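Here's target34.tsv, which has TSV, N, CA and C atoms and all ligand atoms:
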chain	number	residue	atom	x	y	z
A	2	MET	N	111.02	85.87	114.78
A	2	MET	CA	110.22	85.18	113.77
A	2	MET	C	109.14	86.13	113.25
A	3	ARG	N	109.00	86.16	111.95
A	3	ARG	CA	107.94	86.99	111.35
A	3	ARG	C	106.94	86.11	110.63
A	4	ILE	N	105.70	86.44	110.79
A	4	ILE	CA	104.67	85.73	110.02
A	4	ILE	C	103.77	86.77	109.33
A	5	THR	N	103.21	86.36	108.21
A	5	THR	CA	102.45	87.30	107.39
A	5	THR	C	101.11	86.71	107.01
A	6	ARG	N	100.09	87.52	107.10
A	6	ARG	CA	98.76	87.14	106.64
A	6	ARG	C	98.36	88.04	105.47
A	7	ARG	N	97.81	87.43	104.45
A	7	ARG	CA	97.33	88.17	103.28
A	7	ARG	C	95.81	88.30	103.35
A	8	GLU	N	95.32	89.51	103.11
A	8	GLU	CA	93.88	89.74	102.99
A	8	GLU	C	93.67	90.64	101.78
A	9	SER	N	92.43	90.79	101.34
A	9	SER	CA	92.18	91.67	100.20
A	9	SER	C	90.84	92.38	100.37
A	10	PHE	N	90.71	93.50	99.70
A	10	PHE	CA	89.43	94.22	99.71
A	10	PHE	C	89.34	95.07	98.45
A	11	ASN	N	88.12	95.40	98.09
A	11	ASN	CA	87.89	96.29	96.95
A	11	ASN	C	87.33	97.59	97.50
A	12	ALA	N	87.86	98.71	97.00
A	12	ALA	CA	87.35	99.98	97.49
A	12	ALA	C	87.50	101.05	96.42
A	13	ALA	N	86.65	102.07	96.54
A	13	ALA	CA	86.69	103.20	95.61
A	13	ALA	C	87.39	104.38	96.28
A	14	HIS	N	87.97	105.22	95.46
A	14	HIS	CA	88.54	106.46	96.00
A	14	HIS	C	88.70	107.49	94.90
A	15	ARG	N	89.12	108.68	95.33
A	15	ARG	CA	89.54	109.72	94.41
A	15	ARG	C	90.63	110.52	95.10
A	16	LEU	N	91.71	110.77	94.37
A	16	LEU	CA	92.75	111.65	94.87
A	16	LEU	C	92.54	113.02	94.27
A	17	PHE	N	92.29	114.00	95.09
A	17	PHE	CA	92.13	115.36	94.59
A	17	PHE	C	92.24	116.35	95.74
A	18	ARG	N	92.60	117.57	95.39
A	18	ARG	CA	92.53	118.67	96.34
A	18	ARG	C	91.40	119.57	95.89
A	19	PRO	N	90.42	119.84	96.74
A	19	PRO	CA	89.24	120.60	96.32
A	19	PRO	C	89.58	122.02	95.87
A	20	GLU	N	90.69	122.55	96.36
A	20	GLU	CA	91.06	123.92	95.97
A	20	GLU	C	91.72	123.97	94.59
A	21	TRP	N	92.04	122.81	94.01
A	21	TRP	CA	92.61	122.76	92.67
A	21	TRP	C	91.52	122.44	91.66
A	22	ASP	N	91.69	122.95	90.41
A	22	ASP	CA	90.71	122.59	89.37
A	22	ASP	C	91.02	121.18	88.84
A	23	ASP	N	90.09	120.68	88.00
A	23	ASP	CA	90.23	119.30	87.51
A	23	ASP	C	91.53	119.11	86.74
A	24	LYS	N	91.96	120.15	86.00
A	24	LYS	CA	93.18	120.04	85.20
A	24	LYS	C	94.41	119.83	86.08
A	25	LYS	N	94.50	120.65	87.13
A	25	LYS	CA	95.64	120.54	88.05
A	25	LYS	C	95.60	119.20	88.80
A	26	ASN	N	94.39	118.79	89.21
A	26	ASN	CA	94.28	117.50	89.89
A	26	ASN	C	94.70	116.36	88.97
A	27	LEU	N	94.33	116.47	87.68
A	27	LEU	CA	94.72	115.43	86.72
A	27	LEU	C	96.23	115.41	86.53
A	28	GLU	N	96.83	116.58	86.48
A	28	GLU	CA	98.30	116.66	86.33
A	28	GLU	C	99.01	115.96	87.49
A	29	VAL	N	98.52	116.22	88.70
A	29	VAL	CA	99.22	115.71	89.89
A	29	VAL	C	98.86	114.26	90.19
A	30	PHE	N	97.58	113.94	90.08
A	30	PHE	CA	97.11	112.63	90.55
A	30	PHE	C	96.76	111.65	89.44
A	31	GLY	N	96.80	112.10	88.19
A	31	GLY	CA	96.51	111.21	87.07
A	31	GLY	C	95.10	110.65	87.12
A	32	LYS	N	94.98	109.41	86.67
A	32	LYS	CA	93.65	108.79	86.60
A	32	LYS	C	92.98	108.70	87.97
A	33	CYS	N	93.77	108.68	89.03
A	33	CYS	CA	93.19	108.57	90.37
A	33	CYS	C	92.45	109.85	90.77
A	34	SER	N	92.49	110.89	89.92
A	34	SER	CA	91.73	112.11	90.24
A	34	SER	C	90.36	112.12	89.57
A	35	ASN	N	90.01	111.07	88.87
A	35	ASN	CA	88.71	111.02	88.18
A	35	ASN	C	87.57	111.51	89.08
A	36	PRO	N	86.88	112.60	88.69
A	36	PRO	CA	85.83	113.15	89.57
A	36	PRO	C	84.70	112.17	89.86
A	37	ARG	N	84.52	111.15	89.02
A	37	ARG	CA	83.43	110.19	89.24
A	37	ARG	C	83.90	108.91	89.93
A	38	TRP	N	85.03	109.00	90.61
A	38	TRP	CA	85.55	107.88	91.40
A	38	TRP	C	86.05	106.73	90.52
A	39	HIS	N	86.74	105.80	91.15
A	39	HIS	CA	87.17	104.55	90.52
A	39	HIS	C	87.59	103.63	91.65
A	40	GLY	N	87.81	102.37	91.33
A	40	GLY	CA	88.14	101.42	92.39
A	40	GLY	C	89.45	100.70	92.16
A	41	HIS	N	89.93	100.09	93.24
A	41	HIS	CA	91.11	99.23	93.15
A	41	HIS	C	90.81	97.93	93.89
A	42	ASN	N	91.46	96.86	93.44
A	42	ASN	CA	91.44	95.60	94.18
A	42	ASN	C	92.70	95.57	95.03
A	43	TYR	N	92.56	96.02	96.25
A	43	TYR	CA	93.73	96.13	97.12
A	43	TYR	C	94.09	94.77	97.71
A	44	ILE	N	95.38	94.54	97.83
A	44	ILE	CA	95.87	93.35	98.54
A	44	ILE	C	96.72	93.83	99.70
A	45	LEU	N	96.44	93.27	100.86
A	45	LEU	CA	97.08	93.72	102.10
A	45	LEU	C	97.86	92.57	102.71
A	46	TYR	N	99.14	92.81	102.98
A	46	TYR	CA	99.97	91.85	103.71
A	46	TYR	C	100.30	92.45	105.07
A	47	VAL	N	99.94	91.76	106.11
A	47	VAL	CA	100.24	92.22	107.47
A	47	VAL	C	101.26	91.26	108.07
A	48	THR	N	102.43	91.81	108.41
A	48	THR	CA	103.50	90.99	108.99
A	48	THR	C	103.66	91.35	110.46
A	49	VAL	N	103.69	90.33	111.30
A	49	VAL	CA	103.91	90.54	112.73
A	49	VAL	C	105.14	89.75	113.15
A	50	ASN	N	105.77	90.18	114.24
A	50	ASN	CA	106.86	89.37	114.76
A	50	ASN	C	106.66	89.09	116.24
A	51	GLY	N	107.34	88.06	116.69
A	51	GLY	CA	107.23	87.64	118.08
A	51	GLY	C	107.95	86.32	118.24
A	52	ASP	N	107.90	85.80	119.44
A	52	ASP	CA	108.53	84.52	119.72
A	52	ASP	C	107.55	83.38	119.43
A	53	VAL	N	108.10	82.24	119.10
A	53	VAL	CA	107.25	81.07	118.88
A	53	VAL	C	106.83	80.52	120.24
A	54	ASP	N	105.53	80.42	120.44
A	54	ASP	CA	104.98	79.88	121.68
A	54	ASP	C	105.25	78.38	121.72
A	55	PRO	N	105.98	77.90	122.73
A	55	PRO	CA	106.30	76.46	122.74
A	55	PRO	C	105.06	75.58	122.83
A	56	ALA	N	103.99	76.09	123.40
A	56	ALA	CA	102.78	75.28	123.55
A	56	ALA	C	102.07	75.07	122.21
A	57	THR	N	102.02	76.12	121.37
A	57	THR	CA	101.27	76.03	120.11
A	57	THR	C	102.18	75.87	118.89
A	58	GLY	N	103.44	76.31	119.02
A	58	GLY	CA	104.31	76.36	117.85
A	58	GLY	C	104.04	77.56	116.97
A	59	PHE	N	103.18	78.47	117.42
A	59	PHE	CA	102.81	79.66	116.64
A	59	PHE	C	103.42	80.93	117.26
A	60	VAL	N	103.69	81.94	116.42
A	60	VAL	CA	103.93	83.29	116.92
A	60	VAL	C	102.59	83.88	117.34
A	61	LEU	N	101.63	83.71	116.46
A	61	LEU	CA	100.27	84.21	116.68
A	61	LEU	C	99.39	83.33	115.80
A	62	ASN	N	98.32	82.86	116.36
A	62	ASN	CA	97.40	82.05	115.57
A	62	ASN	C	96.93	82.85	114.35
A	63	LEU	N	97.16	82.33	113.16
A	63	LEU	CA	96.82	83.09	111.95
A	63	LEU	C	95.32	83.31	111.81
A	64	LYS	N	94.52	82.45	112.42
A	64	LYS	CA	93.07	82.71	112.42
A	64	LYS	C	92.76	83.95	113.24
A	65	SER	N	93.45	84.11	114.37
A	65	SER	CA	93.26	85.32	115.19
A	65	SER	C	93.71	86.56	114.43
A	66	LEU	N	94.86	86.46	113.75
A	66	LEU	CA	95.36	87.60	112.99
A	66	LEU	C	94.39	87.96	111.87
A	67	SER	N	93.88	86.97	111.19
A	67	SER	CA	92.91	87.21	110.12
A	67	SER	C	91.66	87.90	110.67
A	68	ARG	N	91.20	87.43	111.83
A	68	ARG	CA	90.00	88.02	112.43
A	68	ARG	C	90.24	89.48	112.80
A	69	ILE	N	91.41	89.78	113.35
A	69	ILE	CA	91.75	91.17	113.70
A	69	ILE	C	91.77	92.04	112.44
A	70	ILE	N	92.42	91.56	111.39
A	70	ILE	CA	92.52	92.36	110.17
A	70	ILE	C	91.13	92.58	109.57
A	71	ARG	N	90.33	91.55	109.58
A	71	ARG	CA	88.98	91.71	109.01
A	71	ARG	C	88.14	92.68	109.85
A	72	THR	N	88.20	92.54	111.16
A	72	THR	CA	87.36	93.37	112.03
A	72	THR	C	87.75	94.85	111.97
A	73	PHE	N	89.06	95.12	112.04
A	73	PHE	CA	89.52	96.50	112.19
A	73	PHE	C	89.83	97.18	110.86
A	74	VAL	N	89.97	96.40	109.79
A	74	VAL	CA	90.38	96.99	108.51
A	74	VAL	C	89.44	96.58	107.37
A	75	VAL	N	89.41	95.30	107.04
A	75	VAL	CA	88.75	94.87	105.81
A	75	VAL	C	87.25	95.15	105.85
A	76	ASP	N	86.60	94.84	106.97
A	76	ASP	CA	85.15	95.06	107.04
A	76	ASP	C	84.80	96.54	106.90
A	77	LYS	N	85.73	97.42	107.29
A	77	LYS	CA	85.48	98.86	107.20
A	77	LYS	C	85.77	99.42	105.81
A	78	LEU	N	86.55	98.69	105.01
A	78	LEU	CA	86.96	99.20	103.70
A	78	LEU	C	86.30	98.50	102.52
A	79	ASP	N	85.95	97.23	102.69
A	79	ASP	CA	85.55	96.42	101.54
A	79	ASP	C	84.25	96.94	100.92
A	80	HIS	N	84.30	97.20	99.61
A	80	HIS	CA	83.17	97.74	98.86
A	80	HIS	C	82.70	99.10	99.37
A	81	LYS	N	83.64	99.87	99.91
A	81	LYS	CA	83.31	101.21	100.42
A	81	LYS	C	84.04	102.27	99.60
A	82	ASN	N	83.57	103.50	99.76
A	82	ASN	CA	84.25	104.66	99.20
A	82	ASN	C	85.18	105.21	100.29
A	83	ILE	N	86.47	105.13	100.05
A	83	ILE	CA	87.44	105.49	101.09
A	83	ILE	C	87.31	106.97	101.47
A	84	ASN	N	87.01	107.83	100.50
A	84	ASN	CA	86.89	109.26	100.78
A	84	ASN	C	85.67	109.56	101.66
A	85	LEU	N	84.60	108.79	101.49
A	85	LEU	CA	83.33	109.18	102.10
A	85	LEU	C	82.85	108.29	103.24
A	86	GLU	N	83.32	107.04	103.30
A	86	GLU	CA	82.65	106.08	104.20
A	86	GLU	C	83.55	105.44	105.25
A	87	VAL	N	84.82	105.76	105.26
A	87	VAL	CA	85.75	105.03	106.14
A	87	VAL	C	86.20	105.96	107.27
A	88	ASP	N	85.73	105.68	108.49
A	88	ASP	CA	85.95	106.63	109.59
A	88	ASP	C	87.44	106.90	109.82
A	89	PHE	N	88.27	105.86	109.74
A	89	PHE	CA	89.68	106.10	110.07
A	89	PHE	C	90.47	106.78	108.95
A	90	MET	N	89.81	107.09	107.83
A	90	MET	CA	90.48	107.86	106.76
A	90	MET	C	89.94	109.28	106.66
A	91	GLU	N	89.04	109.64	107.55
A	91	GLU	CA	88.48	110.99	107.52
A	91	GLU	C	89.57	112.05	107.67
A	92	GLY	N	89.57	113.01	106.76
A	92	GLY	CA	90.55	114.09	106.83
A	92	GLY	C	91.90	113.76	106.21
A	93	HIS	N	92.02	112.56	105.62
A	93	HIS	CA	93.29	112.17	105.00
A	93	HIS	C	93.10	111.96	103.50
A	94	MET	N	94.06	112.40	102.71
A	94	MET	CA	94.07	112.06	101.29
A	94	MET	C	94.06	110.54	101.14
A	95	ALA	N	93.20	110.03	100.23
A	95	ALA	CA	93.01	108.58	100.12
A	95	ALA	C	94.11	107.93	99.27
A	96	SER	N	95.36	108.23	99.60
A	96	SER	CA	96.49	107.63	98.88
A	96	SER	C	96.84	106.28	99.51
A	97	THR	N	97.59	105.48	98.77
A	97	THR	CA	98.01	104.18	99.30
A	97	THR	C	98.89	104.38	100.53
A	98	GLU	N	99.75	105.42	100.49
A	98	GLU	CA	100.63	105.68	101.64
A	98	GLU	C	99.79	105.97	102.90
A	99	ASN	N	98.84	106.90	102.78
A	99	ASN	CA	98.03	107.26	103.94
A	99	ASN	C	97.17	106.09	104.41
A	100	LEU	N	96.71	105.29	103.46
A	100	LEU	CA	95.90	104.13	103.83
A	100	LEU	C	96.74	103.12	104.61
A	101	ALA	N	97.97	102.92	104.21
A	101	ALA	CA	98.86	101.99	104.93
A	101	ALA	C	99.12	102.49	106.35
A	102	ILE	N	99.34	103.80	106.50
A	102	ILE	CA	99.56	104.37	107.84
A	102	ILE	C	98.31	104.19	108.71
A	103	ALA	N	97.14	104.45	108.12
A	103	ALA	CA	95.89	104.33	108.87
A	103	ALA	C	95.62	102.87	109.25
A	104	ILE	N	95.94	101.95	108.35
A	104	ILE	CA	95.78	100.52	108.65
A	104	ILE	C	96.70	100.12	109.80
A	105	TRP	N	97.93	100.62	109.77
A	105	TRP	CA	98.87	100.36	110.89
A	105	TRP	C	98.23	100.79	112.21
A	106	LYS	N	97.69	101.99	112.23
A	106	LYS	CA	97.10	102.52	113.47
A	106	LYS	C	95.92	101.68	113.94
A	107	GLN	N	95.17	101.15	112.99
A	107	GLN	CA	94.03	100.29	113.34
A	107	GLN	C	94.49	98.97	113.96
A	108	LEU	N	95.62	98.45	113.48
A	108	LEU	CA	96.03	97.08	113.83
A	108	LEU	C	97.00	96.98	115.00
A	109	GLU	N	97.75	98.06	115.24
A	109	GLU	CA	98.87	97.94	116.19
A	109	GLU	C	98.42	97.44	117.57
A	110	LYS	N	97.37	98.07	118.10
A	110	LYS	CA	96.95	97.72	119.47
A	110	LYS	C	96.36	96.30	119.55
A	111	PRO	N	95.38	95.96	118.68
A	111	PRO	CA	94.83	94.61	118.82
A	111	PRO	C	95.86	93.50	118.61
A	112	ILE	N	96.88	93.74	117.76
A	112	ILE	CA	97.92	92.72	117.59
A	112	ILE	C	98.78	92.63	118.85
A	113	ARG	N	99.09	93.79	119.44
A	113	ARG	CA	99.87	93.79	120.69
A	113	ARG	C	99.11	93.05	121.78
A	114	GLU	N	97.80	93.23	121.81
A	114	GLU	CA	96.98	92.56	122.84
A	114	GLU	C	96.99	91.04	122.67
A	115	GLN	N	97.35	90.58	121.48
A	115	GLN	CA	97.45	89.13	121.24
A	115	GLN	C	98.87	88.62	121.50
A	116	GLY	N	99.76	89.52	121.96
A	116	GLY	CA	101.10	89.10	122.34
A	116	GLY	C	102.13	89.14	121.23
A	117	ALA	N	101.82	89.78	120.10
A	117	ALA	CA	102.80	89.91	119.01
A	117	ALA	C	102.99	91.39	118.69
A	118	ARG	N	103.94	91.68	117.81
A	118	ARG	CA	104.20	93.08	117.43
A	118	ARG	C	104.00	93.24	115.93
A	119	LEU	N	103.32	94.31	115.56
A	119	LEU	CA	103.15	94.61	114.14
A	119	LEU	C	104.50	95.01	113.56
A	120	HIS	N	104.88	94.41	112.45
A	120	HIS	CA	106.18	94.70	111.83
A	120	HIS	C	106.02	95.51	110.55
A	121	CYS	N	105.09	95.10	109.69
A	121	CYS	CA	104.96	95.77	108.39
A	121	CYS	C	103.54	95.68	107.87
A	122	VAL	N	103.07	96.77	107.33
A	122	VAL	CA	101.84	96.78	106.54
A	122	VAL	C	102.24	97.02	105.09
A	123	LYS	N	102.00	96.02	104.26
A	123	LYS	CA	102.29	96.16	102.83
A	123	LYS	C	100.96	96.20	102.09
A	124	LEU	N	100.77	97.25	101.32
A	124	LEU	CA	99.49	97.45	100.66
A	124	LEU	C	99.72	97.60	99.16
A	125	ILE	N	99.12	96.70	98.41
A	125	ILE	CA	99.27	96.70	96.96
A	125	ILE	C	98.03	97.33	96.36
A	126	GLU	N	98.21	98.39	95.60
A	126	GLU	CA	97.08	99.08	94.98
A	126	GLU	C	96.85	98.59	93.56
A	127	THR	N	97.93	98.43	92.82
A	127	THR	CA	97.85	97.87	91.46
A	127	THR	C	99.00	96.87	91.32
A	128	GLU	N	99.01	96.14	90.22
A	128	GLU	CA	100.08	95.15	90.09
A	128	GLU	C	101.45	95.81	89.99
A	129	ASN	N	101.47	97.12	89.72
A	129	ASN	CA	102.75	97.81	89.59
A	129	ASN	C	103.11	98.70	90.78
A	130	ASN	N	102.14	98.95	91.66
A	130	ASN	CA	102.38	99.90	92.76
A	130	ASN	C	102.03	99.31	94.11
A	131	TYR	N	102.97	99.39	95.04
A	131	TYR	CA	102.64	99.04	96.41
A	131	TYR	C	103.48	99.86	97.37
A	132	VAL	N	103.02	99.96	98.61
A	132	VAL	CA	103.78	100.66	99.65
A	132	VAL	C	103.98	99.70	100.82
A	133	GLU	N	105.03	99.98	101.60
A	133	GLU	CA	105.29	99.24	102.83
A	133	GLU	C	105.50	100.25	103.94
A	134	TYR	N	104.87	100.00	105.08
A	134	TYR	CA	105.01	100.90	106.23
A	134	TYR	C	105.44	100.08	107.44
A	135	PHE	N	106.46	100.62	108.13
A	135	PHE	CA	107.04	99.91	109.28
A	135	PHE	C	106.84	100.68	110.58
A	136	GLY	N	105.86	101.57	110.60
A	136	GLY	CA	105.63	102.34	111.81
A	136	GLY	C	106.30	103.70	111.73
A	137	ASP	N	106.27	104.43	112.86
A	137	ASP	CA	106.70	105.83	112.89
A	137	ASP	C	108.09	106.07	112.33
A	138	LYS	N	108.98	105.12	112.54
A	138	LYS	CA	110.38	105.38	112.19
A	138	LYS	C	110.63	105.31	110.71
A	139	GLN	N	109.77	104.64	109.94
A	139	GLN	CA	110.03	104.49	108.51
A	139	GLN	C	108.77	104.76	107.71
B	1	NI	NI	93.27	105.17	92.32
Exercise: express the given structure as structure tokens:
Amino acid sequence: MRITRRESFNAAHRLFRPEWDDKKNLEVFGKCSNPRWHGHNYILYVTVNGDVDPATGFVLNLKSLSRIIRTFVVDKLDHKNINLEVDFMEGHMASTENLAIAIWKQLEKPIREQGARLHCVKLIETENNYVEYFGDKQ
């Protein structure tokens, strides 16, 4: 059984390589290379799987899942600059792909401690672009 919780956050970022000039960064990263930053309204879907607990009828209490996502992810990202202020993104390009991987790493252990398994982190950056991460294998 899989269950999914949706959360959202707003954050600023810039995609760029410091060793490249603005022209090259614009060619590769487009508008996301804007030197003066910009923001996205990110939407995050966290899917976990596990067995249905006969006592509760739940795989995992969705309030608990929401609390985990807010504590380990949303509170650290919401209204922040991903390049400058988010400890778990230090040293990583602030792309949607890398953010999804970092979110997975933040969530995997606390979800396991609640008796479920993280299945997918789906992160929507714009209405046209999203990524899905299923852990190391994919
Ligand atoms: Ni962007």
Item to complete: DSSP on the backbone, then: every residue of segment 3-135 of chain A marked helix (DSSP H, G or I), written as a ChimeraX atom specification.
Response: /A:23-34,63-78,83-86,88-90,97-114
With N, CA and C atoms retained, could you export that selection as a short mmCIF file (atom, residue, chain, number, x, y, z; two decimals), in the coordinates of the input?
data_model
loop_
_atom_site.label_atom_id
_atom_site.label_comp_id
_atom_site.auth_asym_id
_atom_site.auth_seq_id
_atom_site.Cartn_x
_atom_site.Cartn_y
_atom_site.Cartn_z
N ASP A 23 90.09 120.68 88.00
CA ASP A 23 90.23 119.30 87.51
C ASP A 23 91.53 119.11 86.74
N LYS A 24 91.96 120.15 86.00
CA LYS A 24 93.18 120.04 85.20
C LYS A 24 94.41 119.83 86.08
N LYS A 25 94.50 120.65 87.13
CA LYS A 25 95.64 120.54 88.05
C LYS A 25 95.60 119.20 88.80
N ASN A 26 94.39 118.79 89.21
CA ASN A 26 94.28 117.50 89.89
C ASN A 26 94.70 116.36 88.97
N LEU A 27 94.33 116.47 87.68
CA LEU A 27 94.72 115.43 86.72
C LEU A 27 96.23 115.41 86.53
N GLU A 28 96.83 116.58 86.48
CA GLU A 28 98.30 116.66 86.33
C GLU A 28 99.01 115.96 87.49
N VAL A 29 98.52 116.22 88.70
CA VAL A 29 99.22 115.71 89.89
C VAL A 29 98.86 114.26 90.19
N PHE A 30 97.58 113.94 90.08
CA PHE A 30 97.11 112.63 90.55
C PHE A 30 96.76 111.65 89.44
N GLY A 31 96.80 112.10 88.19
CA GLY A 31 96.51 111.21 87.07
C GLY A 31 95.10 110.65 87.12
N LYS A 32 94.98 109.41 86.67
CA LYS A 32 93.65 108.79 86.60
C LYS A 32 92.98 108.70 87.97
N CYS A 33 93.77 108.68 89.03
CA CYS A 33 93.19 108.57 90.37
C CYS A 33 92.45 109.85 90.77
N SER A 34 92.49 110.89 89.92
CA SER A 34 91.73 112.11 90.24
C SER A 34 90.36 112.12 89.57
N LEU A 63 97.16 82.33 113.16
CA LEU A 63 96.82 83.09 111.95
C LEU A 63 95.32 83.31 111.81
N LYS A 64 94.52 82.45 112.42
CA LYS A 64 93.07 82.71 112.42
C LYS A 64 92.76 83.95 113.24
N SER A 65 93.45 84.11 114.37
CA SER A 65 93.26 85.32 115.19
C SER A 65 93.71 86.56 114.43
N LEU A 66 94.86 86.46 113.75
CA LEU A 66 95.36 87.60 112.99
C LEU A 66 94.39 87.96 111.87
N SER A 67 93.88 86.97 111.19
CA SER A 67 92.91 87.21 110.12
C SER A 67 91.66 87.90 110.67
N ARG A 68 91.20 87.43 111.83
CA ARG A 68 90.00 88.02 112.43
C ARG A 68 90.24 89.48 112.80
N ILE A 69 91.41 89.78 113.35
CA ILE A 69 91.75 91.17 113.70
C ILE A 69 91.77 92.04 112.44
N ILE A 70 92.42 91.56 111.39
CA ILE A 70 92.52 92.36 110.17
C ILE A 70 91.13 92.58 109.57
N ARG A 71 90.33 91.55 109.58
CA ARG A 71 88.98 91.71 109.01
C ARG A 71 88.14 92.68 109.85
N THR A 72 88.20 92.54 111.16
CA THR A 72 87.36 93.37 112.03
C THR A 72 87.75 94.85 111.97
N PHE A 73 89.06 95.12 112.04
CA PHE A 73 89.52 96.50 112.19
C PHE A 73 89.83 97.18 110.86
N VAL A 74 89.97 96.40 109.79
CA VAL A 74 90.38 96.99 108.51
C VAL A 74 89.44 96.58 107.37
N VAL A 75 89.41 95.30 107.04
CA VAL A 75 88.75 94.87 105.81
C VAL A 75 87.25 95.15 105.85
N ASP A 76 86.60 94.84 106.97
CA ASP A 76 85.15 95.06 107.04
C ASP A 76 84.80 96.54 106.90
N LYS A 77 85.73 97.42 107.29
CA LYS A 77 85.48 98.86 107.20
C LYS A 77 85.77 99.42 105.81
N LEU A 78 86.55 98.69 105.01
CA LEU A 78 86.96 99.20 103.70
C LEU A 78 86.30 98.50 102.52
N ILE A 83 86.47 105.13 100.05
CA ILE A 83 87.44 105.49 101.09
C ILE A 83 87.31 106.97 101.47
N ASN A 84 87.01 107.83 100.50
CA ASN A 84 86.89 109.26 100.78
C ASN A 84 85.67 109.56 101.66
N LEU A 85 84.60 108.79 101.49
CA LEU A 85 83.33 109.18 102.10
C LEU A 85 82.85 108.29 103.24
N GLU A 86 83.32 107.04 103.30
CA GLU A 86 82.65 106.08 104.20
C GLU A 86 83.55 105.44 105.25
N ASP A 88 85.73 105.68 108.49
CA ASP A 88 85.95 106.63 109.59
C ASP A 88 87.44 106.90 109.82
N PHE A 89 88.27 105.86 109.74
CA PHE A 89 89.68 106.10 110.07
C PHE A 89 90.47 106.78 108.95
N MET A 90 89.81 107.09 107.83
CA MET A 90 90.48 107.86 106.76
C MET A 90 89.94 109.28 106.66
N THR A 97 97.59 105.48 98.77
CA THR A 97 98.01 104.18 99.30
C THR A 97 98.89 104.38 100.53
N GLU A 98 99.75 105.42 100.49
CA GLU A 98 100.63 105.68 101.64
C GLU A 98 99.79 105.97 102.90
N ASN A 99 98.84 106.90 102.78
CA ASN A 99 98.03 107.26 103.94
C ASN A 99 97.17 106.09 104.41
N LEU A 100 96.71 105.29 103.46
CA LEU A 100 95.90 104.13 103.83
C LEU A 100 96.74 103.12 104.61
N ALA A 101 97.97 102.92 104.21
CA ALA A 101 98.86 101.99 104.93
C ALA A 101 99.12 102.49 106.35
N ILE A 102 99.34 103.80 106.50
CA ILE A 102 99.56 104.37 107.84
C ILE A 102 98.31 104.19 108.71
N ALA A 103 97.14 104.45 108.12
CA ALA A 103 95.89 104.33 108.87
C ALA A 103 95.62 102.87 109.25
N ILE A 104 95.94 101.95 108.35
CA ILE A 104 95.78 100.52 108.65
C ILE A 104 96.70 100.12 109.80
N TRP A 105 97.93 100.62 109.77
CA TRP A 105 98.87 100.36 110.89
C TRP A 105 98.23 100.79 112.21
N LYS A 106 97.69 101.99 112.23
CA LYS A 106 97.10 102.52 113.47
C LYS A 106 95.92 101.68 113.94
N GLN A 107 95.17 101.15 112.99
CA GLN A 107 94.03 100.29 113.34
C GLN A 107 94.49 98.97 113.96
N LEU A 108 95.62 98.45 113.48
CA LEU A 108 96.03 97.08 113.83
C LEU A 108 97.00 96.98 115.00
N GLU A 109 97.75 98.06 115.24
CA GLU A 109 98.87 97.94 116.19
C GLU A 109 98.42 97.44 117.57
N LYS A 110 97.37 98.07 118.10
CA LYS A 110 96.95 97.72 119.47
C LYS A 110 96.36 96.30 119.55
N PRO A 111 95.38 95.96 118.68
CA PRO A 111 94.83 94.61 118.82
C PRO A 111 95.86 93.50 118.61
N ILE A 112 96.88 93.74 117.76
CA ILE A 112 97.92 92.72 117.59
C ILE A 112 98.78 92.63 118.85
N ARG A 113 99.09 93.79 119.44
CA ARG A 113 99.87 93.79 120.69
C ARG A 113 99.11 93.05 121.78
N GLU A 114 97.80 93.23 121.81
CA GLU A 114 96.98 92.56 122.84
C GLU A 114 96.99 91.04 122.67
#
Hey, could you make a per-residue contact list for chain A against ligand NI 1 (chain B) with 8 Å as the cut-off, showing the nearest pair of atoms and its distance in Å to one decimal, counting only N, CA and C atoms and all ligand atoms, sorted by chain and number, as a tab-separated table?
residue	atom	partner	partner_atom	distance
A:Ala13	C	B:NI1	NI	7.1
A:His14	C	B:NI1	NI	5.7
A:Arg15	N	B:NI1	NI	6.2
A:Leu16	N	B:NI1	NI	6.2
A:Phe30	C	B:NI1	NI	7.9
A:Gly31	C	B:NI1	NI	7.8
A:Lys32	C	B:NI1	NI	5.6
A:Cys33	CA	B:NI1	NI	3.9
A:Ser34	N	B:NI1	NI	6.3
A:Asn35	N	B:NI1	NI	7.6
A:Trp38	C	B:NI1	NI	7.6
A:His39	C	B:NI1	NI	5.9
A:Gly40	C	B:NI1	NI	5.9
A:His41	N	B:NI1	NI	6.1
A:Ala95	C	B:NI1	NI	7.5
A:Ser96	CA	B:NI1	NI	7.7
A:Thr97	N	B:NI1	NI	7.8
A:Glu126	C	B:NI1	NI	7.6
Discussion item. Give me, as a PyMOL selection string, the residues of chain A that a backbone DSSP run labels strand (DSSP E or B).
Written reply: chain A and resi 3-14+39-50+81-82+118-127+130-134
Item to complete: Give as number ranges by chain every residue, naming chains and numbers as the document does, that has an atom within 8 Å of (96.7, 95.0, 105.4), counting only N, CA and C atoms.
Response: A: 6-9, 44-48, 70, 74-75, 101, 104-105, 121-125
Worksheet item: What is the atom N of Asp23 of chain A to atom C of Pro36 of chain A distance in Å?
Response: 10.2 Å
Worksheet entry | Nearby residues (all atoms listed in the file) at most 7 Å from Gly116 of chain A, same-chain spacing under 4 positions excluded, as a ChimeraX atom specification | /A:50-52,60-61,111-112
